[in-house]
file upload.tsv (TSV, C-alpha atoms and all ligand atoms)
chain	number	residue	atom	x	y	z
A	1	MET	CA	17.91	10.23	-6.84
A	2	ILE	CA	18.78	12.96	-4.32
A	3	ASN	CA	20.91	14.90	-6.79
A	4	HIS	CA	18.43	14.26	-9.56
A	5	ILE	CA	15.47	15.67	-7.64
A	6	LYS	CA	17.50	18.70	-6.50
A	7	ASN	CA	18.47	19.44	-10.10
A	8	VAL	CA	14.89	19.13	-11.37
A	9	PHE	CA	13.79	21.37	-8.50
A	10	LYS	CA	16.33	24.08	-9.41
A	11	GLU	CA	15.36	23.92	-13.07
A	12	LYS	CA	11.63	24.27	-12.32
A	13	PHE	CA	11.62	26.70	-9.40
A	14	MET	CA	14.83	28.69	-10.14
A	15	VAL	CA	15.95	28.44	-6.51
A	16	LYS	CA	17.82	25.79	-4.54
A	17	ALA	CA	15.91	23.18	-2.54
A	18	ASN	CA	16.38	23.31	1.25
A	19	LYS	CA	15.46	19.72	2.03
A	20	VAL	CA	14.75	16.33	0.42
A	21	TYR	CA	12.24	13.78	1.75
A	22	PHE	CA	11.55	10.15	0.82
A	23	SER	CA	8.39	8.04	1.13
A	24	PRO	CA	8.43	4.35	0.16
A	25	GLY	CA	5.98	2.06	-1.62
A	26	ARG	CA	4.72	-0.98	0.26
A	27	VAL	CA	4.16	-4.69	-0.25
A	28	ASN	CA	1.77	-6.72	1.88
A	29	ILE	CA	3.26	-10.17	2.30
A	30	ILE	CA	-0.12	-11.47	3.39
A	31	GLY	CA	-3.32	-10.00	4.82
A	32	GLY	CA	-5.38	-8.84	1.84
A	33	HIS	CA	-8.45	-6.72	2.61
A	34	THR	CA	-8.31	-7.63	6.29
A	35	ASP	CA	-7.37	-4.14	7.50
A	36	TYR	CA	-10.78	-2.46	7.09
A	37	ASN	CA	-12.28	-5.60	8.63
A	38	GLY	CA	-10.26	-5.14	11.82
A	39	GLY	CA	-7.84	-7.99	11.09
A	40	ASN	CA	-4.13	-8.67	10.87
A	41	VAL	CA	-1.75	-7.55	8.12
A	42	LEU	CA	1.94	-8.16	7.44
A	43	PRO	CA	3.33	-5.47	5.10
A	44	PHE	CA	6.80	-3.98	4.60
A	45	CYS	CA	8.22	-0.89	2.89
A	46	VAL	CA	10.17	-1.41	-0.32
A	47	ASP	CA	13.39	0.48	-0.94
A	48	LYS	CA	11.85	2.45	-3.79
A	49	GLY	CA	9.36	5.29	-3.56
A	50	LEU	CA	8.69	9.00	-3.95
A	51	PHE	CA	11.24	11.75	-3.46
A	52	ALA	CA	10.41	15.40	-2.77
A	53	ALA	CA	12.68	18.44	-2.85
A	54	VAL	CA	11.24	21.39	-0.94
A	55	SER	CA	11.83	25.09	-0.30
A	56	ILE	CA	9.92	27.66	1.69
A	57	ARG	CA	7.98	30.46	0.00
A	58	ASP	CA	7.19	33.74	1.71
A	59	ASP	CA	3.77	34.14	0.08
A	60	SER	CA	0.61	32.06	0.61
A	61	LYS	CA	1.11	29.70	-2.35
A	62	PHE	CA	1.86	25.99	-2.47
A	63	LYS	CA	3.52	25.27	-5.81
A	64	ILE	CA	3.89	21.62	-6.74
A	65	PHE	CA	5.52	19.91	-9.70
A	66	SER	CA	5.68	16.15	-10.34
A	67	GLU	CA	8.02	14.60	-12.89
A	68	ASN	CA	5.52	11.76	-13.26
A	69	PHE	CA	2.75	14.19	-14.21
A	70	ASN	CA	4.92	16.73	-16.00
A	71	LEU	CA	2.17	17.67	-18.44
A	72	GLU	CA	0.38	19.31	-15.50
A	73	GLY	CA	3.34	21.70	-15.18
A	74	ILE	CA	3.73	23.60	-11.91
A	75	VAL	CA	0.38	23.59	-10.11
A	76	SER	CA	-0.27	26.57	-7.86
A	77	ILE	CA	-2.60	26.36	-4.86
A	78	ASP	CA	-3.22	29.60	-3.02
A	79	LEU	CA	-4.00	29.07	0.67
A	80	ALA	CA	-5.90	32.35	0.71
A	81	THR	CA	-8.27	31.66	-2.16
A	82	SER	CA	-8.35	27.92	-2.99
A	83	LYS	CA	-11.63	26.09	-2.37
A	84	PHE	CA	-9.92	22.76	-1.57
A	85	GLU	CA	-12.30	20.65	-3.61
A	86	ARG	CA	-11.30	17.38	-5.30
A	87	LYS	CA	-10.19	17.76	-8.93
A	88	ASP	CA	-9.45	14.08	-9.71
A	89	ARG	CA	-5.77	14.88	-10.29
A	90	TYR	CA	-2.64	13.74	-8.46
A	91	PHE	CA	-2.42	17.00	-6.48
A	92	ASP	CA	-5.78	16.19	-4.80
A	93	TYR	CA	-3.61	14.66	-2.08
A	94	LEU	CA	-2.10	18.09	-1.39
A	95	LEU	CA	-5.53	19.74	-1.40
A	96	GLY	CA	-6.86	17.04	0.96
A	97	VAL	CA	-3.92	17.26	3.35
A	98	ILE	CA	-4.11	21.07	3.60
A	99	LYS	CA	-7.89	20.90	4.12
A	100	GLU	CA	-7.52	18.36	6.96
A	101	LEU	CA	-4.77	20.37	8.67
A	102	GLU	CA	-6.79	23.58	8.44
A	103	MET	CA	-9.79	21.77	9.97
A	104	MET	CA	-7.49	20.98	12.90
A	105	ASP	CA	-6.81	24.73	13.23
A	106	LEU	CA	-3.16	24.28	12.32
A	107	ASN	CA	-1.96	27.51	10.80
A	108	LEU	CA	-0.20	27.32	7.45
A	109	ASP	CA	1.23	30.84	7.47
A	110	HIS	CA	3.28	30.61	4.27
A	111	GLY	CA	3.62	28.51	1.13
A	112	LEU	CA	6.10	25.87	-0.11
A	113	ASN	CA	7.64	24.80	-3.40
A	114	ILE	CA	7.50	21.01	-3.75
A	115	CYS	CA	9.06	18.97	-6.56
A	116	LEU	CA	8.22	15.24	-6.76
A	117	SER	CA	9.79	12.29	-8.51
A	118	SER	CA	9.22	8.55	-8.18
A	119	ASN	CA	11.23	5.42	-8.89
A	120	LEU	CA	8.29	3.12	-8.11
A	121	PRO	CA	7.40	0.82	-11.00
A	122	VAL	CA	4.36	2.14	-12.86
A	123	GLY	CA	1.31	-0.11	-12.43
A	124	GLY	CA	3.08	-2.09	-9.73
A	125	GLY	CA	0.32	-1.63	-7.13
A	126	LEU	CA	2.77	-0.51	-4.45
A	127	SER	CA	0.48	2.17	-3.04
A	128	SER	CA	2.01	5.28	-4.52
A	129	SER	CA	-1.06	7.21	-3.34
A	130	ALA	CA	-0.47	6.41	0.35
A	131	ALA	CA	3.23	7.15	-0.20
A	132	LEU	CA	2.35	10.59	-1.61
A	133	CYS	CA	-0.09	11.45	1.16
A	134	MET	CA	2.34	10.38	3.90
A	135	LEU	CA	5.13	12.30	2.14
A	136	LEU	CA	3.13	15.55	2.07
A	137	LEU	CA	2.21	15.17	5.73
A	138	GLU	CA	5.86	14.53	6.63
A	139	ILE	CA	6.97	17.64	4.73
A	140	ILE	CA	4.32	19.96	6.14
A	141	ASN	CA	4.64	18.63	9.69
A	142	ASP	CA	8.39	19.20	9.54
A	143	GLU	CA	8.44	22.57	7.74
A	144	PHE	CA	5.73	24.09	9.95
A	145	GLU	CA	6.91	22.34	13.13
A	146	PHE	CA	3.40	21.09	13.92
A	147	GLY	CA	4.73	18.25	16.09
A	148	LEU	CA	2.12	15.71	14.91
A	149	ASP	CA	3.27	12.23	15.94
A	150	CYS	CA	3.55	9.38	13.45
A	151	LEU	CA	0.25	7.68	14.36
A	152	THR	CA	-1.63	10.98	14.03
A	153	ARG	CA	-0.17	11.48	10.55
A	154	VAL	CA	-1.05	7.88	9.61
A	155	LYS	CA	-4.67	8.42	10.68
A	156	LEU	CA	-4.83	11.78	8.87
A	157	ALA	CA	-3.52	10.23	5.64
A	158	ARG	CA	-6.18	7.54	5.81
A	159	LYS	CA	-8.83	10.20	6.47
A	160	VAL	CA	-7.74	12.13	3.37
A	161	GLU	CA	-8.04	8.93	1.30
A	162	ASN	CA	-11.47	8.05	2.81
A	163	ASP	CA	-13.11	11.47	3.02
A	164	PHE	CA	-11.43	13.59	0.34
A	165	ILE	CA	-10.41	11.08	-2.34
A	166	GLY	CA	-13.39	8.75	-1.71
A	167	VAL	CA	-11.63	5.37	-1.31
A	168	ASN	CA	-12.81	3.46	1.77
A	169	CYS	CA	-9.40	1.91	2.39
A	170	GLY	CA	-8.04	0.59	5.65
A	171	ILE	CA	-4.99	1.80	7.53
A	172	MET	CA	-2.34	-0.73	6.42
A	173	ASP	CA	-0.55	1.28	3.71
A	174	GLN	CA	-0.31	4.53	5.66
A	175	PHE	CA	0.73	2.66	8.81
A	176	VAL	CA	3.62	0.75	7.26
A	177	ILE	CA	4.83	3.81	5.34
A	178	GLY	CA	4.87	5.69	8.66
A	179	PHE	CA	6.34	2.97	10.87
A	180	GLY	CA	8.30	0.75	8.42
A	181	LYS	CA	11.94	-0.09	9.17
A	182	LYS	CA	14.85	-1.52	7.22
A	183	ASP	CA	14.87	-5.35	7.18
A	184	LYS	CA	11.54	-5.56	9.05
A	185	ALA	CA	7.98	-6.42	8.17
A	186	VAL	CA	5.27	-4.91	10.36
A	187	PHE	CA	2.74	-7.28	11.92
A	188	LEU	CA	-0.23	-5.03	12.66
A	189	ASN	CA	-3.67	-5.63	14.08
A	190	ALA	CA	-5.75	-3.03	12.28
A	191	LYS	CA	-8.39	-2.90	15.04
A	192	THR	CA	-6.20	-2.34	18.10
A	193	LEU	CA	-3.27	-0.85	16.13
A	194	ASP	CA	-0.96	-3.03	18.23
A	195	TYR	CA	2.06	-3.87	16.12
A	196	GLU	CA	5.37	-5.67	16.22
A	197	TYR	CA	8.37	-5.81	13.92
A	198	VAL	CA	9.19	-9.16	12.32
A	199	ASP	CA	12.65	-9.82	10.86
A	200	LEU	CA	12.55	-9.95	7.09
A	201	VAL	CA	16.03	-11.17	6.30
A	202	LEU	CA	15.14	-14.40	4.56
A	203	ASP	CA	18.29	-16.54	4.87
A	204	ASP	CA	18.60	-18.39	1.55
A	205	TYR	CA	15.33	-17.14	0.08
A	206	SER	CA	14.19	-14.04	-1.81
A	207	LEU	CA	10.96	-12.19	-2.42
A	208	VAL	CA	10.50	-11.33	-6.06
A	209	LEU	CA	7.94	-8.81	-7.18
A	210	ILE	CA	6.62	-9.27	-10.71
A	211	ASN	CA	4.66	-6.46	-12.32
A	212	SER	CA	1.46	-7.37	-14.19
A	213	GLN	CA	1.75	-4.04	-16.03
A	214	ILE	CA	-1.98	-3.55	-15.47
A	215	SER	CA	-2.47	-0.12	-13.91
A	216	ARG	CA	-5.57	0.56	-11.91
A	217	THR	CA	-6.64	2.89	-9.15
A	218	LEU	CA	-8.64	1.83	-6.13
A	219	LYS	CA	-11.13	4.56	-6.98
A	220	THR	CA	-12.09	2.93	-10.28
A	221	SER	CA	-11.75	-0.70	-9.11
A	222	LYS	CA	-14.29	-2.75	-7.14
A	223	TYR	CA	-12.44	-1.94	-3.90
A	224	ASN	CA	-15.29	0.07	-2.39
A	225	ASP	CA	-17.78	-2.69	-3.37
A	226	ARG	CA	-15.82	-5.21	-1.30
A	227	GLN	CA	-15.77	-2.80	1.63
A	228	LYS	CA	-19.56	-2.43	1.35
A	229	GLU	CA	-20.17	-6.19	1.06
A	230	THR	CA	-18.16	-6.91	4.19
A	231	SER	CA	-19.87	-4.15	6.13
A	232	ASP	CA	-23.27	-5.58	5.05
A	233	ALA	CA	-22.18	-9.05	6.25
A	234	LEU	CA	-20.99	-7.55	9.53
A	235	LYS	CA	-24.43	-6.03	10.19
A	236	ILE	CA	-26.08	-9.43	9.71
A	237	LEU	CA	-23.59	-11.25	11.94
A	238	GLN	CA	-23.82	-8.59	14.65
A	239	LYS	CA	-27.38	-9.86	15.28
A	240	THR	CA	-25.80	-13.03	16.64
A	241	TYR	CA	-22.28	-12.07	17.72
A	242	LYS	CA	-21.09	-9.15	19.84
A	243	ILE	CA	-18.42	-7.94	17.45
A	244	ASP	CA	-17.07	-4.66	16.05
A	245	TYR	CA	-15.42	-6.16	12.98
A	246	LEU	CA	-15.61	-9.40	10.97
A	247	CYS	CA	-12.09	-10.31	12.05
A	248	ASP	CA	-13.24	-10.38	15.70
A	249	LEU	CA	-14.76	-13.74	14.75
A	250	ASN	CA	-12.77	-16.92	15.33
A	251	VAL	CA	-11.78	-19.08	12.38
A	252	LYS	CA	-12.70	-22.15	14.48
A	253	ASP	CA	-16.36	-21.07	14.28
A	254	LEU	CA	-16.28	-20.54	10.52
A	255	GLU	CA	-18.85	-23.18	9.61
A	256	GLN	CA	-21.38	-21.85	12.10
A	257	ILE	CA	-20.70	-18.23	11.07
A	258	LEU	CA	-21.22	-19.00	7.38
A	259	SER	CA	-24.47	-20.85	8.13
A	260	LEU	CA	-25.93	-17.54	9.35
A	261	LEU	CA	-25.53	-15.97	5.91
A	262	SER	CA	-27.89	-16.90	3.10
A	263	ASP	CA	-26.25	-14.78	0.40
A	264	GLN	CA	-23.55	-16.87	-1.37
A	265	THR	CA	-21.44	-13.81	-2.21
A	266	LEU	CA	-21.37	-12.58	1.39
A	267	LYS	CA	-20.48	-16.09	2.56
A	268	LYS	CA	-17.41	-16.07	0.31
A	269	ARG	CA	-16.33	-12.57	1.37
A	270	VAL	CA	-16.58	-13.46	5.06
A	271	LYS	CA	-14.73	-16.73	4.55
A	272	HIS	CA	-11.85	-14.86	2.92
A	273	VAL	CA	-11.37	-12.20	5.59
A	274	ILE	CA	-11.61	-14.58	8.55
A	275	THR	CA	-9.28	-17.21	7.08
A	276	GLU	CA	-6.90	-14.54	5.75
A	277	SER	CA	-6.46	-12.81	9.10
A	278	ASN	CA	-5.68	-16.21	10.60
A	279	ARG	CA	-3.15	-16.92	7.81
A	280	VAL	CA	-1.34	-13.69	8.76
A	281	GLU	CA	-0.81	-14.97	12.32
A	282	ILE	CA	0.55	-18.27	10.99
A	283	ALA	CA	2.78	-16.43	8.47
A	284	LYS	CA	4.28	-14.34	11.27
A	285	THR	CA	5.16	-17.52	13.17
A	286	ALA	CA	6.52	-19.12	9.98
A	287	LEU	CA	8.81	-16.09	9.43
A	288	ASN	CA	9.98	-16.15	13.04
A	289	ASN	CA	10.70	-19.89	12.72
A	290	HIS	CA	12.41	-19.47	9.34
A	291	ASP	CA	9.89	-21.96	7.96
A	292	TYR	CA	9.87	-20.87	4.31
A	293	GLN	CA	8.03	-23.92	3.00
A	294	LEU	CA	5.10	-23.01	5.22
A	295	LEU	CA	5.34	-19.31	4.31
A	296	GLY	CA	5.23	-20.19	0.61
A	297	LYS	CA	2.21	-22.43	1.11
A	298	LEU	CA	0.39	-19.62	2.94
A	299	LEU	CA	1.10	-17.14	0.14
A	300	THR	CA	-0.42	-19.47	-2.43
A	301	GLU	CA	-3.43	-20.19	-0.20
A	302	ALA	CA	-3.93	-16.43	0.25
A	303	HIS	CA	-3.93	-16.02	-3.52
A	304	GLN	CA	-6.53	-18.78	-3.98
A	305	SER	CA	-8.73	-17.16	-1.39
A	306	ALA	CA	-8.36	-13.70	-2.98
A	307	LYS	CA	-9.22	-15.23	-6.34
A	308	ASP	CA	-12.10	-17.57	-5.46
A	309	ASP	CA	-13.68	-16.05	-2.35
A	310	TYR	CA	-12.87	-12.34	-2.42
A	311	GLU	CA	-12.83	-12.18	-6.23
A	312	ILE	CA	-10.22	-9.44	-6.46
A	313	SER	CA	-7.73	-11.14	-8.74
A	314	ALA	CA	-7.49	-10.92	-12.53
A	315	PRO	CA	-6.81	-13.63	-15.15
A	316	VAL	CA	-3.35	-12.16	-15.81
A	317	LEU	CA	-2.44	-12.30	-12.11
A	318	ASP	CA	-3.72	-15.89	-11.82
A	319	LYS	CA	-1.68	-16.94	-14.82
A	320	MET	CA	1.40	-15.19	-13.41
A	321	VAL	CA	0.98	-17.06	-10.10
A	322	ASP	CA	0.60	-20.38	-11.97
A	323	LEU	CA	3.76	-19.68	-13.99
A	324	ALA	CA	5.68	-18.93	-10.78
A	325	LEU	CA	4.57	-22.21	-9.19
A	326	GLU	CA	5.35	-24.15	-12.36
A	327	ASN	CA	8.85	-22.66	-12.20
A	328	ASN	CA	9.52	-24.00	-8.70
A	329	ALA	CA	8.55	-21.02	-6.54
A	330	LEU	CA	7.69	-21.92	-2.93
A	331	GLY	CA	4.60	-19.73	-3.12
A	332	ALA	CA	3.09	-16.79	-4.98
A	333	LYS	CA	0.22	-14.33	-4.58
A	334	MET	CA	-1.18	-11.05	-5.81
A	335	ILE	CA	-0.58	-8.06	-3.54
A	336	GLY	CA	-2.46	-4.90	-2.61
A	337	GLY	CA	-5.98	-3.91	-3.55
A	338	GLY	CA	-6.25	-6.34	-6.47
A	339	PHE	CA	-7.41	-6.31	-10.11
A	340	GLY	CA	-3.87	-5.49	-11.28
A	341	GLY	CA	-0.56	-4.45	-9.77
A	342	SER	CA	2.07	-7.07	-8.92
A	343	ILE	CA	2.48	-10.59	-7.65
A	344	LEU	CA	4.90	-11.53	-4.86
A	345	VAL	CA	6.88	-14.74	-5.25
A	346	LEU	CA	9.02	-16.62	-2.72
A	347	VAL	CA	12.01	-18.30	-4.36
A	348	SER	CA	15.07	-20.16	-3.07
A	349	ASN	CA	18.32	-18.27	-3.77
A	350	TYR	CA	19.83	-21.50	-5.12
A	351	GLU	CA	17.22	-21.51	-7.89
A	352	ILE	CA	16.73	-17.82	-8.47
A	353	THR	CA	18.88	-17.42	-11.60
A	354	GLU	CA	17.12	-20.35	-13.21
A	355	PHE	CA	13.75	-19.06	-12.01
A	356	ILE	CA	14.27	-15.65	-13.61
A	357	GLU	CA	15.47	-17.17	-16.90
A	358	ASN	CA	12.64	-19.67	-17.13
A	359	TYR	CA	10.00	-17.19	-15.98
A	360	GLN	CA	11.18	-14.79	-18.66
A	361	LYS	CA	10.59	-17.45	-21.30
A	362	SER	CA	7.19	-18.52	-19.94
A	363	PHE	CA	6.04	-14.91	-19.50
A	364	THR	CA	7.03	-13.88	-23.02
A	365	LYS	CA	5.38	-17.00	-24.46
A	366	GLU	CA	2.16	-16.27	-22.57
A	367	PHE	CA	1.92	-12.48	-22.83
A	368	GLY	CA	4.19	-11.61	-25.76
A	369	LYS	CA	6.28	-9.13	-23.78
A	370	LYS	CA	9.19	-8.93	-21.37
A	371	PHE	CA	8.47	-9.25	-17.70
A	372	ILE	CA	9.40	-6.60	-15.15
A	373	TYR	CA	10.65	-7.85	-11.83
A	374	ASN	CA	12.41	-6.64	-8.70
A	375	ILE	CA	13.98	-8.63	-5.90
A	376	VAL	CA	12.64	-6.71	-2.92
A	377	ASN	CA	14.04	-6.01	0.52
A	378	ALA	CA	12.43	-4.17	3.39
A	379	GLY	CA	13.46	-0.50	3.55
A	380	THR	CA	12.70	2.42	5.87
A	381	GLY	CA	9.48	4.36	6.22
A	382	VAL	CA	8.88	8.01	5.26
A	383	LYS	CA	11.63	10.44	6.32
A	384	LEU	CA	13.78	13.48	5.71
A	385	ILE	CA	16.87	12.30	3.81
A	386	ASP	CA	18.82	15.46	2.99
B	1	LIG	C1	-5.18	-1.16	-0.54
B	1	LIG	C2	-5.71	-0.37	0.65
B	1	LIG	C3	-5.36	-1.04	1.97
B	1	LIG	C4	-5.72	-2.52	1.96
B	1	LIG	C5	-5.23	-3.19	0.68
B	1	LIG	C6	-5.73	-4.60	0.54
B	1	LIG	O1	-3.78	-1.12	-0.57
B	1	LIG	O2	-5.21	0.95	0.65
B	1	LIG	O3	-5.98	-0.37	3.03
B	1	LIG	O4	-7.09	-2.72	2.15
B	1	LIG	O5	-5.62	-2.50	-0.48
B	1	LIG	O6	-5.20	-5.40	1.53

call {"tool": "encode", "arguments": {"input": "upload.tsv", "output": "structure tokens"}}
result
Amino acid sequence: MINHIKNVFKEKFMVKANKVYFSPGRVNIIGGHTDYNGGNVLPFCVDKGLFAAVSIRDDSKFKIFSENFNLEGIVSIDLATSKFERKDRYFDYLLGVIKELEMMDLNLDHGLNICLSSNLPVGGGLSSSAALCMLLLEIINDEFEFGLDCLTRVKLARKVENDFIGVNCGIMDQFVIGFGKKDKAVFLNAKTLDYEYVDLVLDDYSLVLINSQISRTLKTSKYNDRQKETSDALKILQKTYKIDYLCDLNVKDLEQILSLLSDQTLKKRVKHVITESNRVEIAKTALNNHDYQLLGKLLTEAHQSAKDDYEISAPVLDKMVDLALENNALGAKMIGGGFGGSILVLVSNYEITEFIENYQKSFTKEFGKKFIYNIVNAGTGVKLID
């Protein structure tokens, strides 16, 4: 990929690239929609992602080209004249990042050429948007020597997504892309931002990611609706409890908490986030104890909860989870924001060849096409690689 991106860069910009950066996609093992509710999450970085080749310009223009959006050609953004308004295109992330940095009085005194390429599976729901935003912040912070620390960049990337793009996401994706490490998952409390690394070398087991091939963006999905529903429920519960977030509530009090809500939909949403945040704690312990039976069971429970209580699954994802369980997986669940993307499956290495063969047959029978899968390992976070 490094040579490839350098060659594309040279072809497009007619000069040599000075540096190459990488920013990974992410998978959340468990902890769906708990982050913006102040709960626990357990994501890791995959070893695939976005690559950027970069060179410095001596004028005031940022020129950006993406192989994945090659019909857009080279997009030129002039620091001196651009209005930095959202255009609903991929380069909004660059506009948003520059706008945020300028609001912090950081001086961008020259332009850059940036060439992007991705080896993330299309429609896989691996948070390519957070990967792009974190990548651009890494590049600009490094090239302009701004000295912004990782947590500051993580918070800025989330701000761009919330304020500029208009998705009310939590901090999980940006955080793991910033702090992720090889062979580690990141156990994070999204309220305190306390985190710890958890070993993700799974002895005789593997995590398999299976792509639903349903693309969706958080912007057009019901993601913001769920954020609104949980913030409405929080306001009601704050009349009784002294809490900042729904996940400040204890799962032991669930029955009493739910009795305070009359709206059936809000009851279900609250039940999901409180039980899910608790499942993340148990999953961390299961991983530390190498208890893969328990981990698998938690994944499947998390999927049920996402499907029935948070209502963020899709019939295709549910069927894919069922097929995985029928083919002897220890557990399976949808990942990410929902409504599409991928499912994550825990499989024993002794059965993996058979699993892949049988799943292929079941998938083709059900959906009439070949299935796309990856056996995933935890890779590093965003960084300069050449
Ligand atoms: C998306 C968001 C995250 C998180 C997940 C769901 O990936 O960007 O903040 O809410 O969905 O867990």

call {"tool": "residues_near_ligand", "arguments": {"input": "upload.tsv", "ligand": "ligand LIG 1 (chain B)", "cutoff": "6 Å", "atoms": "all atoms listed in the file", "output": "number ranges by chain"}}
result
A: 31-33, 35, 127, 169-173, 336-337

call {"tool": "residues_near_point", "arguments": {"input": "upload.tsv", "point": "(-7.5, -14.9, -8.7)", "cutoff": "12 Å", "atoms": "all atoms listed in the file", "output": "PyMOL selection string"}}
result
chain A and resi 300-322+332-335+338-340+343

call {"tool": "closest_residue", "arguments": {"input": "upload.tsv", "among": "A:Ile30, A:Ile56, A:Ile98, A:Ile77", "to": "Glu281 in chain A", "atoms": "only C-alpha atoms"}}
result
A:Ile30

call {"tool": "atom_distance", "arguments": {"input": "upload.tsv", "atom1": "CA of Thr240 in chain A", "atom2": "CA of Leu260 in chain A"}}
result
8.6 Å

call {"tool": "atom_distance", "arguments": {"input": "upload.tsv", "atom1": "CA of Leu71 in chain A", "atom2": "CA of Asp47 in chain A"}}
result
27.0 Å

call {"tool": "axis_aligned_box", "arguments": {"input": "upload.tsv", "around": "range 26-43 of chain A", "padding_each_side": "3 Å", "output": "AutoDock Vina command-line options"}}
result
--center_x -3.8 --center_y -6.2 --center_z 5.8 --size_x 23.0 --size_y 16.5 --size_z 18.1

call {"tool": "closest_residue", "arguments": {"input": "upload.tsv", "among": "A:Cys150, A:Leu287, A:Leu108, A:Ile165", "to": "Asp88 in chain A", "atoms": "all atoms listed in the file"}}
result
A:Ile165

call {"tool": "closest_residue", "arguments": {"input": "upload.tsv", "among": "A:Lys383, A:Arg86, A:Lys284, A:Arg226", "to": "Phe187 in chain A", "atoms": "all atoms listed in the file"}}
result
A:Lys284
